[in-house]
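As provided, work.pdb (PDB, C-alpha atoms) reads as follows.
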ATOM      1  CA  MET A   1     -20.251  -2.095  11.033
ATOM      2  CA  LEU A   2     -18.675  -5.265   9.691
ATOM      3  CA  THR A   3     -18.614  -7.724  12.544
ATOM      4  CA  HIS A   4     -16.194  -9.969  10.666
ATOM      5  CA  MET A   5     -13.546  -7.345   9.947
ATOM      6  CA  ASP A   6     -10.317  -9.098  10.791
ATOM      7  CA  ARG A   7      -7.854  -6.956  12.754
ATOM      8  CA  ARG A   8      -4.149  -7.589  12.908
ATOM      9  CA  PRO A   9      -1.298  -6.067  14.925
ATOM     10  CA  LEU A  10       0.734  -3.289  13.312
ATOM     11  CA  GLY A  11       4.323  -3.860  14.351
ATOM     12  CA  ARG A  12       4.936  -3.107  18.027
ATOM     13  CA  THR A  13       2.668  -0.037  18.037
ATOM     14  CA  GLY A  14      -0.058  -1.696  20.092
ATOM     15  CA  TRP A  15      -2.505  -0.892  17.286
ATOM     16  CA  ASN A  16      -4.673  -3.551  15.685
ATOM     17  CA  VAL A  17      -5.811  -2.431  12.253
ATOM     18  CA  SER A  18      -8.334  -3.640   9.700
ATOM     19  CA  SER A  19      -6.829  -6.322   7.463
ATOM     20  CA  ILE A  20      -8.352  -4.609   4.440
ATOM     21  CA  SER A  21      -7.519  -0.946   4.735
ATOM     22  CA  PHE A  22      -7.834   2.079   2.456
ATOM     23  CA  GLY A  23      -5.139   3.292   0.075
ATOM     24  CA  ALA A  24      -5.643   6.989  -0.623
ATOM     25  CA  TRP A  25      -3.364   7.410  -3.647
ATOM     26  CA  ALA A  26      -6.251   7.397  -6.140
ATOM     27  CA  ILE A  27      -8.226  10.121  -4.349
ATOM     28  CA  GLY A  28      -5.221  12.437  -4.593
ATOM     29  CA  GLY A  29      -4.429  11.967  -8.271
ATOM     30  CA  THR A  30      -2.507  10.025 -10.964
ATOM     31  CA  TRP A  31      -5.355   7.514 -11.328
ATOM     32  CA  GLY A  32      -7.494   9.521 -13.722
ATOM     33  CA  PRO A  33     -10.325  11.938 -12.900
ATOM     34  CA  VAL A  34     -11.815  11.902  -9.407
ATOM     35  CA  GLU A  35     -14.391  14.083  -7.626
ATOM     36  CA  ASP A  36     -13.971  15.029  -3.966
ATOM     37  CA  ALA A  37     -17.630  14.254  -3.270
ATOM     38  CA  ASP A  38     -17.119  10.656  -4.456
ATOM     39  CA  SER A  39     -13.839  10.367  -2.557
ATOM     40  CA  LEU A  40     -15.459  11.481   0.691
ATOM     41  CA  LYS A  41     -18.352   9.068   0.203
ATOM     42  CA  ALA A  42     -15.820   6.287  -0.320
ATOM     43  CA  LEU A  43     -13.898   7.272   2.836
ATOM     44  CA  HIS A  44     -17.067   7.432   4.938
ATOM     45  CA  ARG A  45     -18.236   4.078   3.601
ATOM     46  CA  ALA A  46     -14.911   2.559   4.611
ATOM     47  CA  VAL A  47     -15.352   3.761   8.200
ATOM     48  CA  ASP A  48     -18.978   2.529   8.181
ATOM     49  CA  LEU A  49     -17.705  -0.947   7.302
ATOM     50  CA  GLY A  50     -14.982  -1.116   9.947
ATOM     51  CA  VAL A  51     -11.864   0.193   8.184
ATOM     52  CA  SER A  52      -9.560   1.757  10.765
ATOM     53  CA  PHE A  53      -6.359   2.335   8.756
ATOM     54  CA  PHE A  54      -5.862   4.791   5.901
ATOM     55  CA  ASP A  55      -2.647   5.132   3.927
ATOM     56  CA  THR A  56      -1.741   8.357   2.132
ATOM     57  CA  ALA A  57       1.298  10.480   1.216
ATOM     58  CA  ASP A  58       2.185  14.148   1.091
ATOM     59  CA  VAL A  59       2.555  13.970  -2.702
ATOM     60  CA  TYR A  60      -0.858  12.444  -3.461
ATOM     61  CA  GLY A  61      -2.505  15.434  -5.087
ATOM     62  CA  ASP A  62       0.194  17.618  -3.507
ATOM     63  CA  GLY A  63      -1.367  17.160  -0.067
ATOM     64  CA  HIS A  64      -4.987  16.989  -1.205
ATOM     65  CA  SER A  65      -5.367  13.354  -0.131
ATOM     66  CA  GLU A  66      -4.107  14.248   3.366
ATOM     67  CA  GLN A  67      -6.568  17.145   3.538
ATOM     68  CA  LEU A  68      -9.493  14.887   2.611
ATOM     69  CA  LEU A  69      -8.479  12.488   5.381
ATOM     70  CA  ALA A  70      -8.328  15.381   7.856
ATOM     71  CA  ARG A  71     -11.905  16.189   6.894
ATOM     72  CA  LEU A  72     -12.934  12.554   7.342
ATOM     73  CA  ARG A  73     -11.440  12.508  10.833
ATOM     74  CA  ARG A  74     -13.328  15.706  11.729
ATOM     75  CA  GLU A  75     -16.609  14.235  10.510
ATOM     76  CA  ARG A  76     -16.310  10.869  12.295
ATOM     77  CA  SER A  77     -16.037   9.861  15.941
ATOM     78  CA  GLU A  78     -14.534   6.426  15.298
ATOM     79  CA  PRO A  79     -10.792   6.152  15.992
ATOM     80  CA  ILE A  80      -8.865   5.927  12.725
ATOM     81  CA  ILE A  81      -5.143   5.662  12.075
ATOM     82  CA  ILE A  82      -3.678   7.661   9.204
ATOM     83  CA  ALA A  83      -0.306   6.716   7.783
ATOM     84  CA  THR A  84       1.411   9.196   5.511
ATOM     85  CA  LYS A  85       4.761   9.297   3.711
ATOM     86  CA  ALA A  86       7.660  11.707   3.278
ATOM     87  CA  GLY A  87      10.454  12.105   0.780
ATOM     88  CA  ARG A  88       8.997  12.216  -2.700
ATOM     89  CA  ARG A  89       8.612  15.993  -2.605
ATOM     90  CA  LEU A  90      12.368  16.113  -3.152
ATOM     91  CA  ASN A  91      13.451  17.294  -6.579
ATOM     92  CA  PRO A  92      15.817  15.817  -7.465
ATOM     93  CA  HIS A  93      14.786  12.754  -5.469
ATOM     94  CA  ASN A  94      18.159  11.651  -4.149
ATOM     95  CA  ALA A  95      19.611  10.195  -0.959
ATOM     96  CA  ASP A  96      21.220  13.472   0.169
ATOM     97  CA  GLY A  97      17.782  15.068   0.285
ATOM     98  CA  TYR A  98      16.803  12.753   3.157
ATOM     99  CA  ASN A  99      18.304  15.081   5.745
ATOM    100  CA  ARG A 100      17.103  16.619   8.989
ATOM    101  CA  ALA A 101      15.955  19.921   7.501
ATOM    102  CA  ASN A 102      13.926  18.365   4.691
ATOM    103  CA  LEU A 103      12.368  15.537   6.694
ATOM    104  CA  THR A 104      11.373  17.965   9.456
ATOM    105  CA  ALA A 105       9.793  20.309   6.900
ATOM    106  CA  PHE A 106       7.865  17.459   5.262
ATOM    107  CA  VAL A 107       6.543  16.318   8.640
ATOM    108  CA  GLU A 108       5.504  19.871   9.566
ATOM    109  CA  ARG A 109       3.621  20.201   6.273
ATOM    110  CA  SER A 110       1.791  16.895   6.820
ATOM    111  CA  LEU A 111       0.888  17.930  10.375
ATOM    112  CA  LYS A 112      -0.756  21.009   8.873
ATOM    113  CA  ASN A 113      -2.523  19.082   6.086
ATOM    114  CA  LEU A 114      -3.829  16.461   8.508
ATOM    115  CA  GLN A 115      -4.604  19.041  11.224
ATOM    116  CA  VAL A 116      -3.015  17.062  14.024
ATOM    117  CA  ASP A 117      -0.315  17.592  16.660
ATOM    118  CA  ALA A 118       1.371  14.254  15.961
ATOM    119  CA  LEU A 119       1.342  12.035  12.862
ATOM    120  CA  ASP A 120       0.315   8.440  13.591
ATOM    121  CA  LEU A 121       2.781   6.764  11.223
ATOM    122  CA  VAL A 122       5.255   8.357   8.810
ATOM    123  CA  GLN A 123       6.870   6.199   6.140
ATOM    124  CA  LEU A 124       9.954   7.126   4.144
ATOM    125  CA  HIS A 125       8.494   7.148   0.636
ATOM    126  CA  CYS A 126      10.442   4.689  -1.522
ATOM    127  CA  PRO A 127      13.767   6.454  -0.999
ATOM    128  CA  PRO A 128      16.850   5.570  -3.051
ATOM    129  CA  THR A 129      18.520   2.378  -1.836
ATOM    130  CA  ASP A 130      21.444   4.349  -0.354
ATOM    131  CA  VAL A 131      19.144   5.886   2.263
ATOM    132  CA  TYR A 132      18.772   2.522   4.009
ATOM    133  CA  TYR A 133      22.528   2.489   4.555
ATOM    134  CA  ARG A 134      22.512   5.867   6.328
ATOM    135  CA  PRO A 135      21.796   5.437  10.047
ATOM    136  CA  GLU A 136      21.638   9.221  10.409
ATOM    137  CA  VAL A 137      18.356   9.270   8.451
ATOM    138  CA  PHE A 138      16.752   6.899  10.936
ATOM    139  CA  ALA A 139      18.223   8.943  13.800
ATOM    140  CA  VAL A 140      16.287  11.943  12.458
ATOM    141  CA  MET A 141      13.091   9.877  12.541
ATOM    142  CA  ASP A 142      13.902   8.840  16.128
ATOM    143  CA  ASP A 143      14.333  12.507  17.063
ATOM    144  CA  LEU A 144      11.027  13.483  15.440
ATOM    145  CA  THR A 145       9.392  10.715  17.467
ATOM    146  CA  LYS A 146      11.001  11.944  20.714
ATOM    147  CA  ALA A 147       9.879  15.480  19.878
ATOM    148  CA  GLY A 148       6.274  14.263  19.665
ATOM    149  CA  LYS A 149       5.848  15.175  15.990
ATOM    150  CA  ILE A 150       5.295  11.555  14.982
ATOM    151  CA  ARG A 151       4.164   8.543  16.967
ATOM    152  CA  PHE A 152       5.809   5.832  14.890
ATOM    153  CA  TYR A 153       7.661   5.473  11.627
ATOM    154  CA  GLY A 154       8.237   2.921   8.914
ATOM    155  CA  VAL A 155       9.302   2.704   5.290
ATOM    156  CA  SER A 156       7.773   2.113   1.895
ATOM    157  CA  VAL A 157      10.138   0.188  -0.354
ATOM    158  CA  GLU A 158      10.602  -0.923  -3.941
ATOM    159  CA  ARG A 159      12.918  -3.877  -3.280
ATOM    160  CA  VAL A 160      13.122  -6.805  -0.886
ATOM    161  CA  GLU A 161      16.778  -5.883  -0.257
ATOM    162  CA  GLU A 162      15.652  -2.476   1.040
ATOM    163  CA  ALA A 163      12.997  -4.051   3.255
ATOM    164  CA  LEU A 164      15.520  -6.410   4.859
ATOM    165  CA  LYS A 165      17.945  -3.545   5.448
ATOM    166  CA  ALA A 166      15.250  -1.245   6.886
ATOM    167  CA  ILE A 167      14.209  -3.675   9.603
ATOM    168  CA  GLU A 168      17.744  -3.711  10.979
ATOM    169  CA  TYR A 169      16.840  -0.300  12.469
ATOM    170  CA  PRO A 170      15.135  -1.064  15.794
ATOM    171  CA  ASN A 171      12.370   1.561  15.594
ATOM    172  CA  VAL A 172      11.076   0.757  12.123
ATOM    173  CA  GLN A 173       7.535  -0.434  12.866
ATOM    174  CA  SER A 174       6.222  -1.136   9.391
ATOM    175  CA  VAL A 175       7.297  -1.894   5.845
ATOM    176  CA  GLN A 176       5.048  -1.140   2.912
ATOM    177  CA  ILE A 177       5.917  -3.343  -0.044
ATOM    178  CA  ILE A 178       4.321  -4.474  -3.295
ATOM    179  CA  TYR A 179       2.870  -7.922  -2.620
ATOM    180  CA  ASN A 180       0.205  -9.550  -4.746
ATOM    181  CA  ILE A 181      -0.394 -12.647  -6.885
ATOM    182  CA  PHE A 182       1.938 -11.137  -9.497
ATOM    183  CA  ARG A 183       4.694 -10.150  -7.044
ATOM    184  CA  GLN A 184       5.352 -12.974  -4.586
ATOM    185  CA  ARG A 185       9.023 -12.650  -3.688
ATOM    186  CA  PRO A 186       8.515 -10.753  -0.385
ATOM    187  CA  ALA A 187       7.059 -13.934   1.120
ATOM    188  CA  ASP A 188      10.276 -15.925   0.523
ATOM    189  CA  LEU A 189      12.571 -14.464   3.185
ATOM    190  CA  PHE A 190      11.466 -10.990   4.122
ATOM    191  CA  PHE A 191       8.115 -11.947   5.653
ATOM    192  CA  LYS A 192       9.792 -14.452   7.979
ATOM    193  CA  GLU A 193      12.261 -11.822   9.149
ATOM    194  CA  ALA A 194       9.565  -9.176   9.605
ATOM    195  CA  LYS A 195       7.440 -11.586  11.628
ATOM    196  CA  ARG A 196      10.415 -12.506  13.797
ATOM    197  CA  LYS A 197      11.090  -8.831  14.516
ATOM    198  CA  GLN A 198       7.389  -7.959  14.903
ATOM    199  CA  VAL A 199       7.373  -5.503  12.021
ATOM    200  CA  GLY A 200       4.056  -4.762  10.355
ATOM    201  CA  ILE A 201       3.666  -5.428   6.629
ATOM    202  CA  LEU A 202       1.429  -3.228   4.508
ATOM    203  CA  ALA A 203       0.754  -4.881   1.147
ATOM    204  CA  ARG A 204       0.549  -2.134  -1.431
ATOM    205  CA  LEU A 205      -0.702  -2.335  -5.021
ATOM    206  CA  PRO A 206      -2.584  -5.470  -3.919
ATOM    207  CA  LEU A 207      -4.572  -5.539  -7.180
ATOM    208  CA  SER A 208      -1.556  -4.798  -9.396
ATOM    209  CA  SER A 209      -2.797  -1.342 -10.489
ATOM    210  CA  GLY A 210      -6.280  -2.806 -11.048
ATOM    211  CA  MET A 211      -5.108  -5.639 -13.314
ATOM    212  CA  LEU A 212      -6.143  -8.207 -10.679
ATOM    213  CA  ALA A 213      -9.648  -6.768 -10.542
ATOM    214  CA  GLY A 214     -10.114  -8.783 -13.740
ATOM    215  CA  LYS A 215     -12.002  -6.110 -15.671
ATOM    216  CA  MET A 216      -9.323  -4.934 -18.090
ATOM    217  CA  THR A 217      -9.041  -6.026 -21.702
ATOM    218  CA  ALA A 218      -6.575  -5.502 -24.526
ATOM    219  CA  LYS A 219      -8.705  -2.488 -25.490
ATOM    220  CA  SER A 220      -8.582  -0.795 -22.051
ATOM    221  CA  THR A 221      -7.413   2.814 -22.165
ATOM    222  CA  PHE A 222      -6.378   5.197 -19.389
ATOM    223  CA  ALA A 223      -6.502   8.968 -18.974
ATOM    224  CA  SER A 224      -3.293  10.817 -19.799
ATOM    225  CA  ASP A 225      -2.818  11.743 -16.101
ATOM    226  CA  ASP A 226      -3.164   8.077 -15.032
ATOM    227  CA  HIS A 227       0.159   6.373 -14.292
ATOM    228  CA  ARG A 228      -1.175   3.257 -16.040
ATOM    229  CA  ALA A 229      -0.878   5.283 -19.247
ATOM    230  CA  PHE A 230       2.336   7.221 -18.624
ATOM    231  CA  ASN A 231       4.509   4.884 -16.509
ATOM    232  CA  ARG A 232       4.241   1.522 -18.318
ATOM    233  CA  HIS A 233       7.999   1.425 -18.847
ATOM    234  CA  GLY A 234       9.066   3.332 -15.742
ATOM    235  CA  GLN A 235       9.203   6.744 -17.427
ATOM    236  CA  ALA A 236       7.985   8.622 -14.300
ATOM    237  CA  PHE A 237       8.905   6.358 -11.361
ATOM    238  CA  ASP A 238       9.836   2.749 -10.709
ATOM    239  CA  ARG A 239       8.432   0.462 -13.414
ATOM    240  CA  GLY A 240       7.375  -2.037 -10.757
ATOM    241  CA  GLU A 241       4.757   0.416  -9.502
ATOM    242  CA  THR A 242       2.615  -0.003 -12.629
ATOM    243  CA  PHE A 243       1.022  -3.431 -13.193
ATOM    244  CA  SER A 244       3.698  -4.850 -10.835
ATOM    245  CA  GLY A 245       6.285  -4.415 -13.585
ATOM    246  CA  ILE A 246       4.610  -6.956 -15.880
ATOM    247  CA  ASP A 247       3.738  -5.956 -19.417
ATOM    248  CA  PHE A 248       0.022  -5.435 -20.018
ATOM    249  CA  GLU A 249      -0.578  -8.381 -22.374
ATOM    250  CA  THR A 250       1.234 -10.878 -20.130
ATOM    251  CA  GLY A 251      -0.785  -9.641 -17.166
ATOM    252  CA  LEU A 252      -4.055 -10.093 -19.039
ATOM    253  CA  GLY A 253      -3.046 -13.649 -19.966
ATOM    254  CA  ALA A 254      -2.283 -14.542 -16.358
ATOM    255  CA  VAL A 255      -5.610 -13.059 -15.232
ATOM    256  CA  GLU A 256      -7.433 -15.293 -17.725
ATOM    257  CA  GLU A 257      -5.727 -18.337 -16.201
ATOM    258  CA  LEU A 258      -6.672 -17.219 -12.691
ATOM    259  CA  ARG A 259     -10.384 -16.872 -13.556
ATOM    260  CA  SER A 260     -11.122 -20.576 -13.165
ATOM    261  CA  LEU A 261      -9.873 -20.428  -9.543
ATOM    262  CA  VAL A 262     -12.225 -17.656  -8.438
ATOM    263  CA  PRO A 263     -15.196 -19.092  -6.504
ATOM    264  CA  ALA A 264     -18.668 -18.507  -7.922
ATOM    265  CA  SER A 265     -20.299 -15.329  -6.567
ATOM    266  CA  THR A 266     -16.851 -13.877  -5.815
ATOM    267  CA  THR A 267     -15.021 -11.314  -7.927
ATOM    268  CA  MET A 268     -11.427 -11.543  -9.049
ATOM    269  CA  ALA A 269     -10.570  -8.497  -6.874
ATOM    270  CA  THR A 270     -12.010 -10.110  -3.744
ATOM    271  CA  PHE A 271     -10.162 -13.333  -4.524
ATOM    272  CA  ALA A 272      -6.847 -11.516  -5.100
ATOM    273  CA  LEU A 273      -7.157  -9.644  -1.809
ATOM    274  CA  ARG A 274      -8.064 -12.819   0.080
ATOM    275  CA  TRP A 275      -4.956 -14.475  -1.377
ATOM    276  CA  ILE A 276      -2.815 -11.758   0.254
ATOM    277  CA  LEU A 277      -4.472 -12.238   3.639
ATOM    278  CA  MET A 278      -3.649 -15.956   3.548
ATOM    279  CA  ASN A 279      -0.170 -14.968   4.703
ATOM    280  CA  ASP A 280      -0.321 -14.195   8.419
ATOM    281  CA  ALA A 281       2.820 -12.043   8.241
ATOM    282  CA  VAL A 282       0.735  -9.415   6.407
ATOM    283  CA  THR A 283      -0.845  -6.757   8.621
ATOM    284  CA  CYS A 284      -3.141  -5.411   5.951
ATOM    285  CA  ALA A 285      -3.713  -4.998   2.252
ATOM    286  CA  ILE A 286      -4.317  -1.410   1.188
ATOM    287  CA  PRO A 287      -6.355  -1.350  -2.020
ATOM    288  CA  GLY A 288      -7.345   2.044  -3.335
ATOM    289  CA  ALA A 289     -10.900   3.178  -3.957
ATOM    290  CA  LYS A 290     -12.514   6.217  -5.509
ATOM    291  CA  ARG A 291     -16.167   5.252  -4.958
ATOM    292  CA  PRO A 292     -18.215   3.576  -2.202
ATOM    293  CA  ASP A 293     -18.989   0.509  -4.349
ATOM    294  CA  GLN A 294     -15.245  -0.130  -4.759
ATOM    295  CA  VAL A 295     -14.808   0.020  -0.986
ATOM    296  CA  GLU A 296     -17.613  -2.506  -0.506
ATOM    297  CA  GLU A 297     -16.081  -4.816  -3.100
ATOM    298  CA  ASN A 298     -12.632  -4.655  -1.483
ATOM    299  CA  LEU A 299     -13.978  -5.364   1.980
ATOM    300  CA  LYS A 300     -15.747  -8.544   0.938
ATOM    301  CA  ALA A 301     -12.288 -10.131   0.999
ATOM    302  CA  ALA A 302     -12.192  -9.932   4.794
ATOM    303  CA  ALA A 303     -15.283 -12.165   4.974
ATOM    304  CA  LEU A 304     -14.261 -14.682   2.311
ATOM    305  CA  PRO A 305     -13.393 -18.145   3.695
ATOM    306  CA  ALA A 306      -9.757 -19.222   3.558
ATOM    307  CA  LEU A 307      -8.594 -20.365   0.128
ATOM    308  CA  SER A 308      -7.942 -24.098  -0.160
ATOM    309  CA  ASP A 309      -4.460 -25.618  -0.400
ATOM    310  CA  ALA A 310      -5.309 -26.716  -3.940
ATOM    311  CA  THR A 311      -6.272 -23.172  -4.948
ATOM    312  CA  MET A 312      -3.123 -21.707  -3.393
ATOM    313  CA  ALA A 313      -1.029 -24.298  -5.236
ATOM    314  CA  ALA A 314      -2.762 -23.479  -8.522
ATOM    315  CA  VAL A 315      -2.033 -19.758  -8.065
ATOM    316  CA  GLN A 316       1.584 -20.663  -7.372
ATOM    317  CA  ARG A 317       1.792 -22.681 -10.601
ATOM    318  CA  ILE A 318       0.503 -19.731 -12.650
ATOM    319  CA  TYR A 319       3.049 -17.433 -11.016
ATOM    320  CA  ASP A 320       5.889 -19.891 -11.523
ATOM    321  CA  SER A 321       5.095 -20.580 -15.179
ATOM    322  CA  LYS A 322       4.025 -17.119 -16.387
ATOM    323  CA  LEU A 323       5.453 -14.433 -14.125
ATOM    324  CA  ARG A 324       8.326 -15.524 -11.911
ATOM    325  CA  SER A 325      11.022 -15.116 -14.564
ATOM    326  CA  LEU A 326       9.771 -11.581 -15.351
ATOM    327  CA  VAL A 327       9.675 -10.095 -11.847
ATOM    328  CA  HIS A 328      11.088 -12.335  -9.149
ATOM    329  CA  HIS A 329      14.693 -11.145  -9.294
ATOM    330  CA  SER A 330      14.019  -7.530 -10.280
ATOM    331  CA  TRP A 331      12.543  -6.331  -7.006
TER     332      TRP A 331
END

In C-alpha cells, what does this structure look like?
Amino acid sequence: MLTHMDRRPLGRTGWNVSSISFGAWAIGGTWGPVEDADSLKALHRAVDLGVSFFDTADVYGDGHSEQLLARLRRERSEPIIIATKAGRRLNPHNADGYNRANLTAFVERSLKNLQVDALDLVQLHCPPTDVYYRPEVFAVMDDLTKAGKIRFYGVSVERVEEALKAIEYPNVQSVQIIYNIFRQRPADLFFKEAKRKQVGILARLPLSSGMLAGKMTAKSTFASDDHRAFNRHGQAFDRGETFSGIDFETGLGAVEELRSLVPASTTMATFALRWILMNDAVTCAIPGAKRPDQVEENLKAAALPALSDATMAAVQRIYDSKLRSLVHHSW
C-alpha cells in the first residue's frame, strides 16, 4: 500500500479519493488492442498501491469496462468508488435524448453491469450544451438519487461554459473536464467557482491522449480502432478529446520544450500528472492504464515533491507561446 497516496475530498460526498485515480476508458476499447488479463492485473495493481477511485462509462467497450470493474470489486475487500457515465449510448446523441426514460434505462443497465444496488457516482457523459440549460434533466438525476439507484451525480463536460452552468445545479457533486499542461483554461475561472461551491474536479485526459507521456515521435502510428488514429480532426467525437485538440506536430514540439523541465529520474508522464496536482481545486487526475507498469508509473506522481515556482512559470511560458492561441478559447 502506498503510504504517501494523497487523498482529496470529492465534492460534498464525504468521500476522500486517491489524487491519482484510474481511468478505465482504455480497458474498454478505442485505445488499440487490450487483453482482459492485462486489464485485470492493472486494476489489481492500482488497488494494491492505494487507488480508491475508478472512472468508467457505459459505452467503454459497450459495458465491458464496467463489467471488469465489477469483477475487481468482487475480488478485493478494499473499499473502492466506481464512477460511471450515461448518455453516449444515445443515437443520435442529442439533448432531447436526455429524458427520464432513457436516463433511467442507462442507470439500470449500469447497475446490472456493475452488479450493485446503487451506483456510486453517475456523470452525464459530455451531453450537448443545451442539456445544461434544461433543469428537468437534473431533476431526473435528483429523482434517481431519491429512489436509491444512484448515490451522487456529476457531469463530464467538453467546455468551461458547460462546467460553469452545471455547477449552478445544487446537487452536482463533480465535474470531469480536460485539464492538463496543454489545456489550462479551466483553472482561470471555473476552478475558483468549483472550489467555492465544494464541487469535485476530475481531471480527464491528463496526459493529452498519451502525448504528455513523452514517448511519441513523428513516426508514431496507432491501430485503426484507436481514437488517436480516427479522431484527429473530430471525425467521431469532439476534436478536443484527442491530443487536447492540438495537432500532432505542434504537440510533439511542445513536449520537446518541456523535457528540460522534467527532473532527473522522473518521467514526463509523472511530471505532467504532478503539474495537475499542483492545483488544489483538483480532486484527482484520472490517467488510463492497460498494464500494471503503467499504473505504477502514473502513481509515482503522488509521491513527487511539489514543482518549484520557476518550473511552473516555465510550463506557463510554453503554454502561452505555443498552445494558448490554439486551444484556450475553443473549449

Work out how far apart atom CA of Tyr169 of chain A and atom CA of Ser19 of chain A are and give it in Å to one decimal.
-> 24.9 Å

Local residues around (-14.1, -7.5, -1.7), at most 8 Å away, using all atoms listed in the file, as a PyMOL selection string = chain A and resi 267+269-271+273+295-302

Quick one: apply the PyMOL selection byres ((chain A and resi 66) around 10) to the file and drop the selected residues here as number ranges by chain.
-> A: 24-25, 27-28, 54-65, 67-72, 82-84, 110-115

So which residues get picked by the PyMOL selection byres ((chain A and resi 279-293) around 8) here, written as a PyMOL selection string?
-> chain A and resi 8-10+17-27+34+38-39+41-43+45-46+54-55+191-192+194-195+200-207+273+275-278+294-298

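Residue nearest Lys146 of chain A within the list A:Leu261, A:Ala254, A:Ala118, A:Val131: A:Ala118 [criterion: smallest interatomic distance, all atoms listed in the file].
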
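Atom to atom, atom CA of Ser330 of chain A and atom CA of Ile178 of chain A stand 12.3 Å apart.
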
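Between atom CA of Tyr132 of chain A and atom CA of Phe230 of chain A the interatomic distance comes to 28.4 Å.
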
Name the residues captured by the PyMOL selection byres ((chain A and resi 240) around 10) when it is applied to the shown file; answer as a ChimeraX atom specification.
-> /A:158-159,178,183,205,208,231-234,237-239,241-246,327,330-331

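The closest residue to Thr104 of chain A, picked from A:Gly87, A:Gly253, A:Gly154, A:Pro92 and counting only C-alpha atoms, is A:Gly87.
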
Could you build a table of the residues in segment 245-321 of chain A lying no more than 9 Å from segment 218-227 of chain A, giving for each the nearest pair of atoms and their separation in Å rounded to one decimal place, using all atoms listed in the file, ordered by chain and ascending residue number, as JSON lines?
{"residue": "A:Phe248", "atom": "CA", "partner": "A:Ala218", "partner_atom": "CA", "distance": 8.0}
{"residue": "A:Glu249", "atom": "CA", "partner": "A:Ala218", "partner_atom": "CA", "distance": 7.0}
{"residue": "A:Leu252", "atom": "CA", "partner": "A:Ala218", "partner_atom": "CA", "distance": 7.6}

Keeping only C-alpha atoms, write the selected residues as a PDB file, in the coordinates of the input.
ATOM      1  CA  PHE A 248       0.022  -5.435 -20.018  1.00  0.00           C
ATOM      2  CA  GLU A 249      -0.578  -8.381 -22.374  1.00  0.00           C
ATOM      3  CA  LEU A 252      -4.055 -10.093 -19.039  1.00  0.00           C
TER       4      LEU A 252
END

Closest of A:Asp130, A:Ala236, A:Arg274, A:Asp48 to Ser308 of chain A - atom-to-atom distances counting only C-alpha atoms | A:Arg274
